[in-house]
Every structure is written in C-alpha cells, then in structure tokens.
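Participant: Below is a structure I'd like to ask you about.
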Amino acid sequence: SIPEPQREAWKRAQAKGFSGKDGFEKELVRHVETTLARSMFNCDEKAAYSATSLAFRDQLILDWNRTQQNQTYRDSKRVYYLSLEFLMGRALDNAMLNIGQKDIAKAGLSELGFRIEDIIGQENDAALGNGGLGRLAACFLDSLASLDFHAWGYGLRYRYGIFKQEIIDGYQVEVPDYWLDFNPWEFPRHDVTVDIQFFGNVRKEAKEQGKEVAIWEGGEIVQAVAYDVPIPGYNTPTTNNLRLWSSKASGGEFDFQKFNNGDYESSVADQQRAETISAVLYPNDNLERGKELRLKQQYFWVAASLHDIVRRFKKSKRDWKQFPDQVAIQLNDTHPTLAIVELQRILVDIEGLKWEEAWDIVTSTFGYTNHTVLPEALEKWPVGLVQHLLPRHLQIIYDINLYFLQQVEKQFPDDRDILRRVSIIEESQPKMVRMAYLAIVGSHKVNGVAELHSDLIKTTIFKDFVEIYGPDKFTNVTNGITPRRWLHQANPRLSELIASKIGGNDFLKDLTKLNKLESLAEDKEFRKEWSEIKYANKVRLAKLIKELTGVTVNPAALFDIQVKRIHEYKRQQLNIFGVIHRYLTLKAMSSEERKKQLPRVSVFGGKAAPGYWMAKQIIHLINAVGSVVNNDADIGDLLKVIFLPDYNVSKAEIITPASDISEHISTAGTEASGTSNMKFVLNGGLIIGTCDGANIEITREIGDNNIFLFGNLSEDVEDLRHAHNYGSHTIDPDLNRVFDEMEKGTFGTPHDFSGMVAAVRHHGDYYLVSDDFHSYIETHKLVDEAYRNQDEWVAKCIVAVARMGFFSSDRCINEYAESIWNVEPLAVKS
Ligand code: AZC
C-alpha cells in the first residue's frame, strides 16, 4: 500500500465517476473514442452497448472498491455462497436500475442517437446455470448486496454457459454459447491465482510425540485464476463480489521444457487439458452423472475458493477457533461438498490442528441447502474415482465416516441396519461416496427450500439423520425472488403504477409494502390501468413470438405459459396432452359453438438436457402439435401453440409479465419449491398448479380463490404408483382419446411419440399424468370461465400481487442470516 505522505496526492487524483446526463454522455463518448477506438462515424449499437457498459462498470467499480475496503476494515463475519451455477442474465439494465441512473442513460443515449432498449438488447446473457438452482443463487446475490451483507459468491467462470437451443424441424438442437467475446462485467485478477493439485499419492510422515502427518504429493497442478464480477445492491453503495475461477495450465502458457525439446504439440495439449476444467457448464438440471471432469470442476472450484477464504481469515491473525465467527459458508446443493473435506484437510494437514478441534470448526462453518428429493439428482461419486483424483480427500472422508458411524453406533446400539443406511460410503458395486450425507454430517444446518420440501426431506431421504441429530439441525427457508429484476426491471410500467399508488418505490426493498395495493382491487380506474399494462406486456411478447417463430398470436387471447426446464416431473407432457384435448374438443364443435369459445395461446419454453431423450420427445410433440393447430383454418385464433426457442433469463423478463395464467404442474412432492411461480404471480398473472413446492405457501398467502389448484396430493403419490404397478391402471378416457389421436398420426408419424404414450399406458405412469388428467382439464375450464369475467379476474390478480410480499429473496436472505449464518448487515459508510 502507498505510504502515508503520498496519500494526499492519491486522494486529490481520486476517480469520481460521472453524474447527470451530460456526465454520462461524456463518459460514453470517451469510451467509444478511446477504449474502443471508434468515432461517431462507426459507432453501431454493439459499440454503443460496449461504451455504455464500460461507463456503468466504472460507476460500479468505485462503489465496489469502497465496499471491499469497508469490509476489510470492519473485518466482520462474511458469508460465502458456494454455487456451481449463477444464472445472472444481463447486467447492464440491472446495474443502471440498481444505482438509479437508468433515466440518465436513457436520455443520454437518445441524444446520442440510440434507443436504450436496443442497447440493452445487445448484451449476451451470462447463462452460467441450468435453471432454478442457478437463478436462485443470482437472486440471492442481489439481495445480499441490497441488504448490505458482507457476502461473496464463489463459482466457476465457464467459457461456455448453458447451450443455446435452436429448434430445427421441431427438434431441439444444441449450439455452443460463446458468451465471452465481449464481457465488460468481469475483472481478471491475474495476480490472484491458486495452484490446485490433482492425483498423486499420500505419504505419512512421523512427527514429534508419535504424531503423524499426511503429505499429499505428486500428481498434477492446475492454476485457478480469479475473475471478479461486481454485484451492485439496489439503492445502496454496497457492491459485493462474485468471484469466478478460470483454469489455466500452471507455470504459464506452455511447458517450455517440452517446447524446447521440440514437443510443441504436447505442451499445447497440457494447456488445453487444464483449460478444459472450466470450459463447460454441465447442462443437466436435477440429474447427476458421475463424470470425472465434473468432479474435477468441483474440487478445482472448492479448493480455490477455500484457499481464498482461509487466506483472508489468516490476515486477521485470529485464533483458528474464531474461524466460524468470521466465516459462514453456504453449500448450494451438494456440488461444493468437497469444501468440507478440503477445510478439514487444510486445518489438520497444513495448519496442524487436532482432528476434533478442526472438525468442530468445520461443522460450525458450513450450512447445506438441499434442492431436490429426486433420487437421480442426488450426487454419488465412485470411491475409485475419488481415490484416483483426490487420494488424501478419500482418506479424510473415510475418517469422517468412521467417527460418525462410531457415534451412531453408540446412540443406537441395537440397530445394526442404521449404520448401513447412513454410512457416507454406500456399500454397493462399485462403492460410492454419498455426497448429501457428507454434506449433512459436515454442516451445522441443513435446509430445504419450501415447507413441503423441507418436511419431505425429514421424512424420506434424510429420515435417519433426523433421528441421529434431532430435528433442530433441519430447517426450512422458503425460496424467494428479487423484486428488482423480476418486477422493476422486467415490468417497469407495473412497477411505476404500483409506486404511484402506494406512495413510492419502498416496496422494492420491503415487498410486504405491496399489501397497500389490496384496497385498490375494487377501484375501477386502477383496474383499467392495470389491464392496459398487462395488454401492453402481451403485445410485447406477441412481437417476440412473431420474431422467433413466425406465428402471429392475438394479444387479446388468454396467454397460458409454461416456461422452465423440460423434465418429466414438471409434466410439460400433461400440458401438451391437455392442449391436444382442447384442440379435439374445438374440432368437434359446430362453428356456432366455436364462436363462443375463449381464444388461447399456449406458450412453452425450456431446454432439455442434451442426453434426456424423453424431454426431447416432449419438445418435439409440442412443436408437432403447434404446426398442425396453428395452421388449422377451423381453429384460427381460438388456439395457438407456441414453443419459444432458447428460453433464458432475458427472455423470461419479457415472458413473465405477459402471462394470464402460468403452469406449475409438477407431480405432487417432486418440485422442491419452484421460483417462476413467484415471478408470474408478482407480475399479475394467476397460477394453475398442483399442491407442490412453494405453490402451497403461495396459496396460503394469496388465498385459495386466487389460484387454480388441481391434482393428487403428495401423500397419495406413493400409493397411486404402487397401484399402477401392482393393481390395475385404467387410463383416463379423455387422455386415451388424446393418445388415440396421436397414434393415428395427426401430429406426425404414429410411431413418433409411442415412447411418451407407452410411459403412461404401459410403464407405470410414474408421474401420474393419467391420474391428474381429469382434474387438470376440469380446472382449465374453471380458468376459462373465470377469465370471462375480466373485472373479477383483474381484481384477483391485484389481490394476489398485494399478498406476495413474503416471496422476496430479501426475506429469504434475512432468514438465512438469522437462523443459519448468524450475520448482520453492515452498510458502507459514506
Ligand atoms: C431446483 C428445484 O428443482 C426447484 O424446485 C427449486 O425452486 C430450485 O432448485 C431452487 O431451490 N433444483 C435444482 O435445480 N437442482 C439441481 C440439482 O439441479
């Protein structure tokens, strides 16, 4: 750091950032002319986006510096959120809004010859995530900063985010997402690097007093390089850090020894192999496949992050015992579970602490969030793979397991079977490390993400652990969403209308203030303004639909939307079967009768994991149905079926505000929470949904007359499945008609969809599509009826919005802070 006598000069020269429209224009033009080396003669929208982003990045970075200095100076407890996914979406709009300078930018850009929407539209989404889990992490970062918490996110800087989805002949085709060609929102920290070791051997070395230390040596080293992404809070100078690690061959570009020996190719190959670690995001949502590279990613990221955290802690020269008073680490699902083992290794092998002392520190530091009960999503790694890649870590896992099982044995001396059930090592062929169990054993709190889900983990997958640790270790923190992005940014007109009626913008920081809207539900004038905004949002979506699919839809139709990852448990198949049923019903009507029907647009969007055959079939069916229905002259505007390609965060910002009804129709007990359900309601759309995940709490908050629930309850699912397999399984007659039609080839060759039909008719209907079909169809009739009475419908929407305060991620983060992390907010002093 700079010596005291010179600091005055620094302060005089301090960067200030721009203020006002003129200041912004100056900065923009400066960046165009100097940073980008262009001029008014060749500044296209891309260049204008780049320059605008650079101008705003400069603003953020000044606050970022201040925040980081402040946090270092205060040295209070920090939260570290470890997530393999951060589905951030675009940054510019968010930055402008959070620091309150969007109006300035809009005016400035307009004077300089650009429309702000076009400029915002130039940005690539930062799509470093699959779906709910990754987007939740992004919402949490926004809330942590907005609430002035000292918090860092840690993740991987994938060169390729989630693939881009194209639809060709009705089929999903995956295209790589090279999002980094220009990214002004990250700062490479070439001085912040960590060497990460893989493979090698462990040697025990005798120490004084009969003690032994383990020495992990040999193998290969890969370098982790930090890239920092500033996270601006809303209406506060707090700007937190998201640190993403990128992999590089250690020792620079390539191995000069090899190079000089003429082995150029292999020196470059080493380089590429190292870079592969952070090259791609695994495109699976709620599915785990034991790939070696994935385990490498996990350790690489966890080891680099812990090294960083420990280095920061050591600067304060505190006693190790104080580590949990300074550091809270939250594990976003089991992906970062190796952090538990790595911290134990650092404390015991490197810092020389006793095992028990180290383990106390470790377990007081970590919290684990579970996001799913689906067995196929629970991570397990073959023991042999862990042994090969991380030999010392496997030893530590065995020791953790040994001590844990000894404790269990003492507690339950008469129950031999419990040891097998809860062992971190599954005695299968091959043996597996059960990461969720390791995460539970190594954390002080375990939480689910909605009430039903948190109850389910306690009574099903983690039942034994509740017996062992008692119920207090397990808790619930119902998910939330950031109202800044999902209302203010996505739906500016609605946000403005609300602000004008309830006395300002405060609701964006305290969402419960929305309750002041409730009394306006009966106000005719207000309802009119409300409906106009919804209509305008539907026009905006209709435009996007036209652009992406060529299909014209009528904005006056009822917009029925299901956008989320394609998964059998989320039951897009139920939706499309319902759409076929609607189509057949319309076809069977006389033209007179048809005229009385309510026009509908069924919109689908979402990516299928590239290896998930059934999910891809579902996409194909939706498109096949669309191409028949959308071109049927009998039907016209009465029904349109749209598959919007490449659903992502920036498209969600256009889609969400345009729904009349959205579908959250998972088989009861399978969707841990869902978060798009919250986004849709917050934007004045109603829900058709099952009693699952956060739908249940949404119902409790907004009232059961403002939501359309249907279907079997989670407590009945097991029995129904059992009956399908061992009793009789009669298929719903209406669904049978749908299947017959599919098999007739109405939507393509009969065999195209035989797998989907067979899953219901012959293979046990695991997701209860037939069991719920009737009540689904009947409930859609209720939706139609309710929609006909627009006054009542809009009143329902307003009341629902007014009661959505609970679902802010701010509430959620405050719960984590209080009940899991034990931290308090600390504002940056200005
Ligand atoms: C998702 C859940 O499926 C979804 O219900 C929840 O809202 C979201 O997490 C956030 O908690 N889970 C995942 O995406 N899980 C995995 C392993 O991908």
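Lettering and numbering for the structure tokens are positional, with chains as A, B, ... in the shown order, residues counted from 1 in each chain, and ligands counted from 1 in the shown order.
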Residues up to 6 Å from ligand 1, counting only C-alpha atoms and all ligand atoms: could you list those as a PyMOL selection string?
Facilitator: chain A and resi 131-133+136+285-286+371-372+377+449+671-675
Participant: Go ahead and save the residues from that selection, with C-alpha atoms, as a PDB file, in the first residue's frame.
Facilitator:
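What landed in out-v6.pdb:
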ATOM      1  CA  GLY A 131     -32.442 -23.379 -14.097  1.00  0.00           C
ATOM      2  CA  GLY A 132     -33.929 -22.760 -10.663  1.00  0.00           C
ATOM      3  CA  LEU A 133     -30.876 -23.509  -8.567  1.00  0.00           C
ATOM      4  CA  LEU A 136     -31.832 -18.616  -7.057  1.00  0.00           C
ATOM      5  CA  ASP A 285     -30.900 -29.975 -14.298  1.00  0.00           C
ATOM      6  CA  ASN A 286     -31.926 -32.255 -11.490  1.00  0.00           C
ATOM      7  CA  HIS A 371     -32.835 -28.517  -3.625  1.00  0.00           C
ATOM      8  CA  THR A 372     -34.375 -31.806  -4.602  1.00  0.00           C
ATOM      9  CA  ALA A 377     -30.282 -35.843  -8.759  1.00  0.00           C
ATOM     10  CA  VAL A 449     -36.367 -24.616   0.013  1.00  0.00           C
ATOM     11  CA  GLU A 671     -40.782 -29.837  -7.268  1.00  0.00           C
ATOM     12  CA  ALA A 672     -38.801 -28.698  -4.268  1.00  0.00           C
ATOM     13  CA  SER A 673     -40.045 -25.143  -4.497  1.00  0.00           C
ATOM     14  CA  GLY A 674     -40.198 -23.561  -7.916  1.00  0.00           C
ATOM     15  CA  THR A 675     -39.430 -19.882  -8.222  1.00  0.00           C
TER      16      THR A 675
END
Participant: Show me, as a ChimeraX atom specification, the residues that have an atom within 12 Å of Ser316 of chain A when counting only C-alpha atoms, minus same-chain residues fewer than 4 positions from it.
Facilitator: /A:72-77,309-312,320,322-323,326
Participant: Could you write out the selected residues, including N, CA and C atoms, as a PDB file, in the first residue's frame?
Facilitator:
ATOM      1  N   THR A  72     -13.072  -5.014   4.504  1.00  0.00           N
ATOM      2  CA  THR A  72     -11.768  -5.411   5.036  1.00  0.00           C
ATOM      3  C   THR A  72     -11.509  -4.689   6.351  1.00  0.00           C
ATOM      4  N   TYR A  73     -11.829  -3.410   6.358  1.00  0.00           N
ATOM      5  CA  TYR A  73     -11.579  -2.603   7.543  1.00  0.00           C
ATOM      6  C   TYR A  73     -12.427  -3.084   8.731  1.00  0.00           C
ATOM      7  N   ARG A  74     -13.698  -3.333   8.468  1.00  0.00           N
ATOM      8  CA  ARG A  74     -14.586  -3.774   9.558  1.00  0.00           C
ATOM      9  C   ARG A  74     -14.269  -5.196  10.006  1.00  0.00           C
ATOM     10  N   ASP A  75     -13.835  -5.992   9.053  1.00  0.00           N
ATOM     11  CA  ASP A  75     -13.466  -7.375   9.336  1.00  0.00           C
ATOM     12  C   ASP A  75     -14.525  -8.129  10.133  1.00  0.00           C
ATOM     13  N   SER A  76     -15.782  -7.941   9.733  1.00  0.00           N
ATOM     14  CA  SER A  76     -16.839  -8.672  10.423  1.00  0.00           C
ATOM     15  C   SER A  76     -17.071 -10.000   9.706  1.00  0.00           C
ATOM     16  N   LYS A  77     -17.987 -10.769  10.236  1.00  0.00           N
ATOM     17  CA  LYS A  77     -18.228 -12.093   9.664  1.00  0.00           C
ATOM     18  C   LYS A  77     -18.749 -11.962   8.229  1.00  0.00           C
ATOM     19  N   ILE A 309     -10.571 -17.969   1.019  1.00  0.00           N
ATOM     20  CA  ILE A 309     -11.262 -17.666   2.277  1.00  0.00           C
ATOM     21  C   ILE A 309     -10.295 -17.781   3.456  1.00  0.00           C
ATOM     22  N   VAL A 310      -9.508 -18.848   3.418  1.00  0.00           N
ATOM     23  CA  VAL A 310      -8.560 -19.082   4.506  1.00  0.00           C
ATOM     24  C   VAL A 310      -7.478 -17.997   4.500  1.00  0.00           C
ATOM     25  N   ARG A 311      -7.021 -17.624   3.333  1.00  0.00           N
ATOM     26  CA  ARG A 311      -6.000 -16.566   3.216  1.00  0.00           C
ATOM     27  C   ARG A 311      -6.537 -15.260   3.822  1.00  0.00           C
ATOM     28  N   ARG A 312      -7.786 -14.954   3.524  1.00  0.00           N
ATOM     29  CA  ARG A 312      -8.396 -13.730   4.063  1.00  0.00           C
ATOM     30  C   ARG A 312      -8.503 -13.815   5.581  1.00  0.00           C
ATOM     31  N   TRP A 320      -7.646 -19.912  15.296  1.00  0.00           N
ATOM     32  CA  TRP A 320      -8.486 -20.758  14.422  1.00  0.00           C
ATOM     33  C   TRP A 320      -9.885 -20.986  14.985  1.00  0.00           C
ATOM     34  N   GLN A 322     -11.777 -19.022  16.112  1.00  0.00           N
ATOM     35  CA  GLN A 322     -12.698 -17.937  15.727  1.00  0.00           C
ATOM     36  C   GLN A 322     -13.141 -18.031  14.277  1.00  0.00           C
ATOM     37  N   PHE A 323     -12.628 -19.016  13.581  1.00  0.00           N
ATOM     38  CA  PHE A 323     -12.967 -19.117  12.155  1.00  0.00           C
ATOM     39  C   PHE A 323     -14.482 -19.067  11.901  1.00  0.00           C
ATOM     40  N   GLN A 326     -16.065 -15.750  11.935  1.00  0.00           N
ATOM     41  CA  GLN A 326     -15.693 -14.841  10.850  1.00  0.00           C
ATOM     42  C   GLN A 326     -16.205 -15.308   9.492  1.00  0.00           C
TER      43      GLN A 326
END
Participant: Got a sec: who's within 12 Å of Leu402 of chain A, counting only C-alpha atoms, leaving out chain neighbours fewer than 6 positions off, as an MDAnalysis selection string?
Facilitator: chainID A and resid 395:396 408:409 419 422:425 438 441
Participant: Using backbone DSSP assignments, extract all alpha helix (DSSP H) residues from segment 15-101 of chain A; output them as a ChimeraX atom specification.
Facilitator: /A:20-30,45-74,92-98
Participant: Could you pull out the strand (DSSP E or B) residues of segment 176-288 of chain A, going by DSSP on the backbone, and write them as a PyMOL selection string?
Facilitator: chain A and resi 178+187-198+201-206+212-217+220-232+239-249+280
Participant: Can you list every residue of segment 591-657 of chain A that has an atom at most 12 Å from segment 176-189 of chain A, with its nearest atom pair and the distance in Å to one decimal, using only C-alpha atoms, ordered by chain then number, as CSV?
Facilitator:
residue,atom,partner,partner_atom,distance
A:Pro610,CA,A:Pro176,CA,11.9
A:Asp646,CA,A:Asp177,CA,10.9
A:Asn648,CA,A:Asp177,CA,11.9
Participant: Based on the selection just made, write C-alpha atoms of those residues as a PDB file, in the first residue's frame.
Facilitator:
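Dumped to selection.pdb:
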ATOM      1  CA  PRO A 610     -28.932 -32.997 -24.344  1.00  0.00           C
ATOM      2  CA  ASP A 646     -33.821 -20.726 -26.253  1.00  0.00           C
ATOM      3  CA  ASN A 648     -33.256 -17.845 -20.841  1.00  0.00           C
TER       4      ASN A 648
END
Participant: Just want the 12 Å neighbourhood of Lys596 of chain A, counted on only C-alpha atoms, with same-chain residues fewer than 6 positions away dropped. Output as a list in words.
Facilitator: Leu586, Met589, Ser590, Leu638, Asp784, Glu785 and Arg788 of chain A
Participant: Nearest to Gln165 of chain A among A:Leu28, A:Val794, A:Gln209, A:Gly605, with distances taken over only C-alpha atoms: which residue is it?
Facilitator: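 Among the listed residues, the smallest separation from Gln165 of chain A belongs to A:Gly605.
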Participant: Which residues, written as a ChimeraX atom specification, have at least one atom at most 12 Å from Gly23 of chain A, with only C-alpha atoms counted and residues fewer than 3 positions away on the same chain left out?
Facilitator: /A:16-20,26-30,55-56,59,101,104-105,107-109
Participant: Here is a test: counting only C-alpha atoms, which residue of A:Asp191, A:Asp734, A:Asp791, A:Glu166 is nearest to Phe643 of chain A?
Facilitator: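 Residue with the minimum atom-to-atom distance to Phe643 of chain A: A:Glu166.
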